[in-house]
Amino acid sequence: LDSKAGESGIASIVCDVSKYQWQSSIDTTTSPLPGSATIFQGNCKGFAEPISIYELHLGSFRRKGEEQTDFLTYDEHAAELVRYLKEMKFTHVEFMPVATHPFYGSWGYQVTNYFSPTSRYGSPAQLMMLIDSLHAAGIKVIMDWVPAHFPVNVEGLALFNQSPLYEYADPRRGFHPEWNTCVFDYSRGEVRSFLLSNAMFWCQMYRVDGLRVDAVASMIFYHYCRKEGEWLP
């Protein structure tokens, strides 16, 4: 599900992500999460092999067009990215967040649609094709994941049912003054279920090999970026 703001308001595009035919193999018998992307072609030997991770923002790696200002699609990245990673001896690539985010300047760290890749770079199938190509080349894929906070955009999770549902009701816990974003209410079982389901979704449906959790400090410390009197113990 990907939301786009049009002249008449907010519209959504719904895609079936279950029909892509993966070319890279996967062994689910030794995976800690059934169906998750842990063992692929060129199985990793854990601590017996070195790891070198290339962090990548898909909108910045390469551009196209006469003035090099147009985004490449997910699948257009595949050949050049694989060549570069292999040439530079990287074993993993870490994508900065690819989930739908209206504000491009956030580099993906202000997510509105947690279960959809941004359409800036193409379709879900094209993202799957990119990940498939990386796995076929023996390169593991890590994705930045943002379970700490979310933007106040009306098409996102903020005041989802006209009341604080995903965020803490009290702004001394539920609002990030530095980022102007809402904070997930981890005390609610349904919120924890939403986030865990989302993590499983990216591992199972898009076969990412790992998630890098963003903004952990803000999740641990209630007083993160808050002055005295602006937070609750």
# chains A, B, ... in the order shown; residues from 1 in each chain; ligands from 1

$ residues_around --residues "stretch 59-63 of chain A" --least-positions-apart "6" --cutoff "10 Å" --atoms "only C-alpha atoms" --output "ChimeraX atom specification"
/A:69-74,76-77,80-81,96,98,104,107,120-121

$ write_last_selection --atoms "N, CA and C atoms" --output "compact mmCIF listing (two decimals), in the first residue's frame"
# COMPACT_ATOMS: atom_id res chain seq x y z
N THR A 69 19.36 14.11 -12.99
CA THR A 69 18.48 14.49 -11.89
C THR A 69 17.34 13.50 -11.68
N ASP A 70 17.14 12.57 -12.60
CA ASP A 70 16.02 11.63 -12.49
C ASP A 70 16.45 10.38 -11.71
N PHE A 71 15.53 9.89 -10.87
CA PHE A 71 15.82 8.70 -10.09
C PHE A 71 15.92 7.47 -10.98
N LEU A 72 16.83 6.57 -10.63
CA LEU A 72 16.82 5.23 -11.20
C LEU A 72 15.71 4.43 -10.53
N THR A 73 15.14 3.47 -11.24
CA THR A 73 14.20 2.56 -10.61
C THR A 73 14.99 1.51 -9.83
N TYR A 74 14.27 0.78 -8.98
CA TYR A 74 14.94 -0.25 -8.18
C TYR A 74 15.74 -1.20 -9.07
N GLU A 76 16.78 -0.80 -12.11
CA GLU A 76 17.85 -0.15 -12.87
C GLU A 76 19.13 -0.03 -12.03
N HIS A 77 18.98 -0.06 -10.72
CA HIS A 77 20.15 -0.03 -9.85
C HIS A 77 20.95 -1.33 -9.91
N GLU A 80 24.58 -1.97 -12.00
CA GLU A 80 25.65 -1.08 -11.57
C GLU A 80 25.99 -1.27 -10.10
N LEU A 81 24.96 -1.48 -9.27
CA LEU A 81 25.19 -1.65 -7.84
C LEU A 81 25.93 -2.96 -7.56
N MET A 96 19.26 2.57 3.23
CA MET A 96 18.54 3.51 4.07
C MET A 96 17.06 3.32 3.78
N VAL A 98 13.47 2.32 2.82
CA VAL A 98 12.76 2.33 1.54
C VAL A 98 11.25 2.35 1.72
N TYR A 104 11.12 13.71 1.19
CA TYR A 104 12.35 13.14 0.64
C TYR A 104 13.56 13.55 1.46
N TRP A 107 15.33 11.36 4.08
CA TRP A 107 16.11 10.22 3.62
C TRP A 107 15.46 8.90 4.01
N ARG A 120 8.86 6.11 -5.39
CA ARG A 120 9.81 7.01 -6.09
C ARG A 120 10.70 6.23 -7.04
N TYR A 121 11.02 5.00 -6.64
CA TYR A 121 11.98 4.21 -7.40
C TYR A 121 11.34 3.02 -8.10

$ residues_around --residues "A:Val183" --least-positions-apart "6" --cutoff "7 Å" --atoms "only C-alpha atoms" --output "list in words"
Ala148, His149, Phe150, Glu167, Tyr168, Arg173, Gly174, Phe175 and His176 of chain A

$ write_last_selection --atoms "all heavy atoms" --output "short mmCIF file (atom, residue, chain, number, x, y, z; two decimals), in the first residue's frame"
data_model
loop_
_atom_site.label_atom_id
_atom_site.label_comp_id
_atom_site.auth_asym_id
_atom_site.auth_seq_id
_atom_site.Cartn_x
_atom_site.Cartn_y
_atom_site.Cartn_z
N ALA A 148 10.85 3.65 15.90
CA ALA A 148 10.93 4.58 17.03
C ALA A 148 9.89 5.69 16.95
O ALA A 148 9.32 6.09 17.96
CB ALA A 148 12.33 5.19 17.11
N HIS A 149 9.65 6.20 15.75
CA HIS A 149 8.77 7.37 15.63
C HIS A 149 8.19 7.44 14.21
O HIS A 149 8.65 6.74 13.30
CB HIS A 149 9.57 8.66 15.94
CG HIS A 149 10.68 8.93 14.96
ND1 HIS A 149 10.73 10.04 14.18
CD2 HIS A 149 11.80 8.21 14.64
CE1 HIS A 149 11.81 10.02 13.42
NE2 HIS A 149 12.48 8.91 13.70
N PHE A 150 7.21 8.28 14.04
CA PHE A 150 6.57 8.45 12.73
C PHE A 150 6.06 9.87 12.60
O PHE A 150 5.78 10.55 13.60
CB PHE A 150 5.43 7.42 12.54
CG PHE A 150 4.40 7.42 13.63
CD1 PHE A 150 3.26 8.22 13.54
CD2 PHE A 150 4.55 6.62 14.75
CE1 PHE A 150 2.30 8.22 14.54
CE2 PHE A 150 3.60 6.61 15.76
CZ PHE A 150 2.47 7.41 15.66
N GLU A 167 0.52 6.30 19.01
CA GLU A 167 1.42 7.12 19.79
C GLU A 167 0.93 7.28 21.24
O GLU A 167 -0.24 7.06 21.53
CB GLU A 167 1.57 8.51 19.17
CG GLU A 167 0.30 9.36 19.17
CD GLU A 167 -0.55 9.19 17.92
OE1 GLU A 167 -0.79 8.04 17.52
OE2 GLU A 167 -0.98 10.23 17.37
N TYR A 168 1.85 7.64 22.13
CA TYR A 168 1.46 7.98 23.50
C TYR A 168 0.55 9.20 23.47
O TYR A 168 0.76 10.14 22.70
CB TYR A 168 2.69 8.30 24.35
CG TYR A 168 3.58 7.13 24.68
CD1 TYR A 168 4.77 6.93 24.00
CD2 TYR A 168 3.24 6.24 25.69
CE1 TYR A 168 5.61 5.86 24.31
CE2 TYR A 168 4.07 5.17 26.02
CZ TYR A 168 5.24 4.98 25.32
OH TYR A 168 6.06 3.93 25.63
N ARG A 173 5.60 12.18 26.29
CA ARG A 173 6.16 10.91 25.81
C ARG A 173 5.88 10.68 24.33
O ARG A 173 6.63 9.99 23.66
CB ARG A 173 5.59 9.74 26.62
CG ARG A 173 6.29 9.51 27.92
CD ARG A 173 5.96 8.14 28.48
NE ARG A 173 6.56 7.94 29.79
CZ ARG A 173 6.24 6.95 30.61
NH1 ARG A 173 5.33 6.07 30.25
NH2 ARG A 173 6.84 6.85 31.77
N GLY A 174 4.79 11.21 23.87
CA GLY A 174 4.31 10.87 22.54
C GLY A 174 4.74 11.78 21.41
O GLY A 174 4.35 11.56 20.26
N PHE A 175 5.55 12.80 21.70
CA PHE A 175 5.96 13.73 20.65
C PHE A 175 7.44 14.03 20.76
O PHE A 175 7.96 14.31 21.84
CB PHE A 175 5.16 15.04 20.77
CG PHE A 175 5.46 16.04 19.68
CD1 PHE A 175 4.97 15.86 18.41
CD2 PHE A 175 6.27 17.15 19.94
CE1 PHE A 175 5.26 16.78 17.40
CE2 PHE A 175 6.56 18.06 18.95
CZ PHE A 175 6.05 17.88 17.68
N HIS A 176 8.13 13.94 19.61
CA HIS A 176 9.55 14.26 19.56
C HIS A 176 9.72 15.73 19.17
O HIS A 176 9.46 16.12 18.03
CB HIS A 176 10.26 13.40 18.50
CG HIS A 176 10.93 12.19 19.06
ND1 HIS A 176 11.83 12.25 20.09
CD2 HIS A 176 10.83 10.88 18.73
CE1 HIS A 176 12.26 11.03 20.37
NE2 HIS A 176 11.66 10.18 19.56
#

$ residues_around --residues "A:Lys19" --least-positions-apart "6" --cutoff "12 Å" --atoms "only C-alpha atoms" --output "PyMOL selection string"
chain A and resi 124-125+128+205-206

$ closest_residue --among "A:Pro177, A:Pro117, A:Gly156, A:Val82" --to "A:His223" --atoms "only C-alpha atoms"
A:Pro177

$ select_by_dssp --residues "stretch 18-233 of chain A" --states "alpha helix (DSSP H)" --output "short mmCIF file (atom, residue, chain, number, x, y, z; two decimals) with C-alpha atoms, in the first residue's frame"
data_model
loop_
_atom_site.label_atom_id
_atom_site.label_comp_id
_atom_site.auth_asym_id
_atom_site.auth_seq_id
_atom_site.Cartn_x
_atom_site.Cartn_y
_atom_site.Cartn_z
CA LEU A 58 18.88 4.73 -3.37
CA GLY A 59 18.04 8.28 -4.43
CA SER A 60 21.66 9.38 -4.24
CA PHE A 61 23.73 6.45 -5.52
CA TYR A 74 14.94 -0.25 -8.18
CA ASP A 75 15.76 -2.71 -10.95
CA GLU A 76 17.85 -0.15 -12.87
CA HIS A 77 20.15 -0.03 -9.85
CA ALA A 78 20.82 -3.76 -10.02
CA ALA A 79 23.62 -4.14 -12.58
CA GLU A 80 25.65 -1.08 -11.57
CA LEU A 81 25.19 -1.65 -7.84
CA VAL A 82 26.19 -5.32 -8.00
CA ARG A 83 29.25 -4.44 -10.10
CA TYR A 84 30.31 -1.71 -7.67
CA LEU A 85 29.80 -3.80 -4.54
CA LYS A 86 31.72 -6.76 -5.96
CA GLU A 87 34.54 -4.53 -7.22
CA PRO A 124 7.34 -3.60 -5.22
CA ALA A 125 8.24 -6.15 -7.91
CA GLN A 126 11.14 -3.98 -9.05
CA LEU A 127 12.46 -3.80 -5.48
CA MET A 128 12.19 -7.58 -5.24
CA MET A 129 14.13 -7.86 -8.50
CA LEU A 130 16.91 -5.67 -7.08
CA ILE A 131 17.15 -7.77 -3.90
CA ASP A 132 17.04 -10.94 -6.00
CA SER A 133 19.95 -9.71 -8.13
CA LEU A 134 22.01 -8.87 -5.05
CA HIS A 135 21.39 -12.30 -3.54
CA ALA A 136 22.28 -14.01 -6.80
CA PRO A 171 3.02 14.67 24.38
CA ARG A 172 5.70 14.46 27.06
CA ARG A 173 6.16 10.91 25.81
CA GLY A 174 4.31 10.87 22.54
CA GLY A 189 0.16 -4.85 22.71
CA GLU A 190 -1.39 -3.96 19.38
CA VAL A 191 1.39 -1.45 18.68
CA ARG A 192 4.08 -4.01 19.49
CA SER A 193 2.25 -6.51 17.28
CA PHE A 194 2.13 -3.98 14.43
CA LEU A 195 5.86 -3.35 14.60
CA LEU A 196 6.84 -7.02 14.95
CA SER A 197 4.52 -7.91 12.06
CA ASN A 198 6.15 -5.22 9.98
CA ALA A 199 9.64 -6.54 10.72
CA MET A 200 8.52 -10.04 9.74
CA PHE A 201 6.89 -8.68 6.59
CA TRP A 202 10.13 -7.24 5.19
CA CYS A 203 12.07 -10.37 6.05
CA GLN A 204 9.51 -12.77 4.62
CA MET A 205 8.02 -10.93 1.64
CA VAL A 216 17.43 3.34 19.39
CA ALA A 217 18.56 5.95 21.93
CA SER A 218 15.25 7.77 21.59
CA MET A 219 13.44 4.49 22.33
CA ILE A 220 15.44 3.80 25.48
#

$ select_by_dssp --residues "stretch 171-214 of chain A" --states "strand (DSSP E or B)" --output "PyMOL selection string"
chain A and resi 175-176+181-184+210-213

$ write_last_selection --atoms "all heavy atoms" --output "PDB file, in the first residue's frame"
ATOM      1  N   PHE A 175       5.554  12.802  21.705  1.00  0.00           N
ATOM      2  CA  PHE A 175       5.958  13.734  20.652  1.00  0.00           C
ATOM      3  C   PHE A 175       7.444  14.029  20.762  1.00  0.00           C
ATOM      4  O   PHE A 175       7.957  14.314  21.842  1.00  0.00           O
ATOM      5  CB  PHE A 175       5.164  15.037  20.768  1.00  0.00           C
ATOM      6  CG  PHE A 175       5.464  16.038  19.684  1.00  0.00           C
ATOM      7  CD1 PHE A 175       4.974  15.860  18.405  1.00  0.00           C
ATOM      8  CD2 PHE A 175       6.266  17.148  19.943  1.00  0.00           C
ATOM      9  CE1 PHE A 175       5.262  16.775  17.399  1.00  0.00           C
ATOM     10  CE2 PHE A 175       6.561  18.060  18.949  1.00  0.00           C
ATOM     11  CZ  PHE A 175       6.049  17.880  17.677  1.00  0.00           C
ATOM     12  N   HIS A 176       8.130  13.943  19.610  1.00  0.00           N
ATOM     13  CA  HIS A 176       9.548  14.261  19.556  1.00  0.00           C
ATOM     14  C   HIS A 176       9.719  15.726  19.173  1.00  0.00           C
ATOM     15  O   HIS A 176       9.459  16.117  18.032  1.00  0.00           O
ATOM     16  CB  HIS A 176      10.256  13.403  18.502  1.00  0.00           C
ATOM     17  CG  HIS A 176      10.932  12.194  19.059  1.00  0.00           C
ATOM     18  ND1 HIS A 176      11.835  12.252  20.091  1.00  0.00           N
ATOM     19  CD2 HIS A 176      10.831  10.883  18.727  1.00  0.00           C
ATOM     20  CE1 HIS A 176      12.261  11.033  20.369  1.00  0.00           C
ATOM     21  NE2 HIS A 176      11.656  10.182  19.559  1.00  0.00           N
ATOM     22  N   THR A 181       7.874  14.615  15.322  1.00  0.00           N
ATOM     23  CA  THR A 181       7.260  13.330  15.005  1.00  0.00           C
ATOM     24  C   THR A 181       6.601  12.735  16.242  1.00  0.00           C
ATOM     25  O   THR A 181       6.815  13.206  17.363  1.00  0.00           O
ATOM     26  CB  THR A 181       8.312  12.336  14.479  1.00  0.00           C
ATOM     27  OG1 THR A 181       9.383  12.223  15.438  1.00  0.00           O
ATOM     28  CG2 THR A 181       8.879  12.784  13.132  1.00  0.00           C
ATOM     29  N   CYS A 182       5.790  11.713  16.020  1.00  0.00           N
ATOM     30  CA  CYS A 182       5.114  11.004  17.106  1.00  0.00           C
ATOM     31  C   CYS A 182       5.940   9.796  17.541  1.00  0.00           C
ATOM     32  O   CYS A 182       6.658   9.205  16.734  1.00  0.00           O
ATOM     33  CB  CYS A 182       3.730  10.530  16.656  1.00  0.00           C
ATOM     34  SG  CYS A 182       2.609  11.866  16.173  1.00  0.00           S
ATOM     35  N   VAL A 183       5.805   9.412  18.806  1.00  0.00           N
ATOM     36  CA  VAL A 183       6.547   8.279  19.372  1.00  0.00           C
ATOM     37  C   VAL A 183       5.599   7.102  19.561  1.00  0.00           C
ATOM     38  O   VAL A 183       4.506   7.260  20.115  1.00  0.00           O
ATOM     39  CB  VAL A 183       7.177   8.661  20.726  1.00  0.00           C
ATOM     40  CG1 VAL A 183       7.963   7.481  21.295  1.00  0.00           C
ATOM     41  CG2 VAL A 183       8.064   9.880  20.572  1.00  0.00           C
ATOM     42  N   PHE A 184       5.999   5.940  19.101  1.00  0.00           N
ATOM     43  CA  PHE A 184       5.178   4.737  19.266  1.00  0.00           C
ATOM     44  C   PHE A 184       4.947   4.445  20.753  1.00  0.00           C
ATOM     45  O   PHE A 184       5.858   4.539  21.569  1.00  0.00           O
ATOM     46  CB  PHE A 184       5.844   3.526  18.619  1.00  0.00           C
ATOM     47  CG  PHE A 184       5.658   3.429  17.140  1.00  0.00           C
ATOM     48  CD1 PHE A 184       6.708   3.710  16.271  1.00  0.00           C
ATOM     49  CD2 PHE A 184       4.436   3.056  16.606  1.00  0.00           C
ATOM     50  CE1 PHE A 184       6.544   3.617  14.899  1.00  0.00           C
ATOM     51  CE2 PHE A 184       4.257   2.963  15.236  1.00  0.00           C
ATOM     52  CZ  PHE A 184       5.306   3.242  14.383  1.00  0.00           C
ATOM     53  N   GLY A 210      18.520  -8.734   7.065  1.00  0.00           N
ATOM     54  CA  GLY A 210      18.624  -8.165   8.399  1.00  0.00           C
ATOM     55  C   GLY A 210      18.030  -6.778   8.448  1.00  0.00           C
ATOM     56  O   GLY A 210      17.872  -6.107   7.419  1.00  0.00           O
ATOM     57  N   LEU A 211      17.686  -6.343   9.648  1.00  0.00           N
ATOM     58  CA  LEU A 211      17.141  -5.010   9.861  1.00  0.00           C
ATOM     59  C   LEU A 211      18.068  -4.239  10.793  1.00  0.00           C
ATOM     60  O   LEU A 211      18.469  -4.746  11.839  1.00  0.00           O
ATOM     61  CB  LEU A 211      15.750  -5.087  10.490  1.00  0.00           C
ATOM     62  CG  LEU A 211      14.665  -5.797   9.668  1.00  0.00           C
ATOM     63  CD1 LEU A 211      13.399  -5.935  10.504  1.00  0.00           C
ATOM     64  CD2 LEU A 211      14.379  -5.041   8.379  1.00  0.00           C
ATOM     65  N   ARG A 212      18.385  -3.039  10.423  1.00  0.00           N
ATOM     66  CA  ARG A 212      19.141  -2.150  11.299  1.00  0.00           C
ATOM     67  C   ARG A 212      18.137  -1.178  11.914  1.00  0.00           C
ATOM     68  O   ARG A 212      17.454  -0.448  11.225  1.00  0.00           O
ATOM     69  CB  ARG A 212      20.209  -1.413  10.504  1.00  0.00           C
ATOM     70  CG  ARG A 212      21.016  -0.387  11.315  1.00  0.00           C
ATOM     71  CD  ARG A 212      20.578   1.010  10.982  1.00  0.00           C
ATOM     72  NE  ARG A 212      21.265   2.020  11.775  1.00  0.00           N
ATOM     73  CZ  ARG A 212      20.900   3.290  11.789  1.00  0.00           C
ATOM     74  NH1 ARG A 212      19.862   3.711  11.081  1.00  0.00           N
ATOM     75  NH2 ARG A 212      21.556   4.160  12.528  1.00  0.00           N
ATOM     76  N   VAL A 213      18.014  -1.202  13.236  1.00  0.00           N
ATOM     77  CA  VAL A 213      17.006  -0.406  13.936  1.00  0.00           C
ATOM     78  C   VAL A 213      17.535   1.005  14.145  1.00  0.00           C
ATOM     79  O   VAL A 213      18.599   1.212  14.728  1.00  0.00           O
ATOM     80  CB  VAL A 213      16.626  -1.046  15.282  1.00  0.00           C
ATOM     81  CG1 VAL A 213      15.566  -0.215  15.985  1.00  0.00           C
ATOM     82  CG2 VAL A 213      16.134  -2.467  15.056  1.00  0.00           C
TER      83      VAL A 213
END
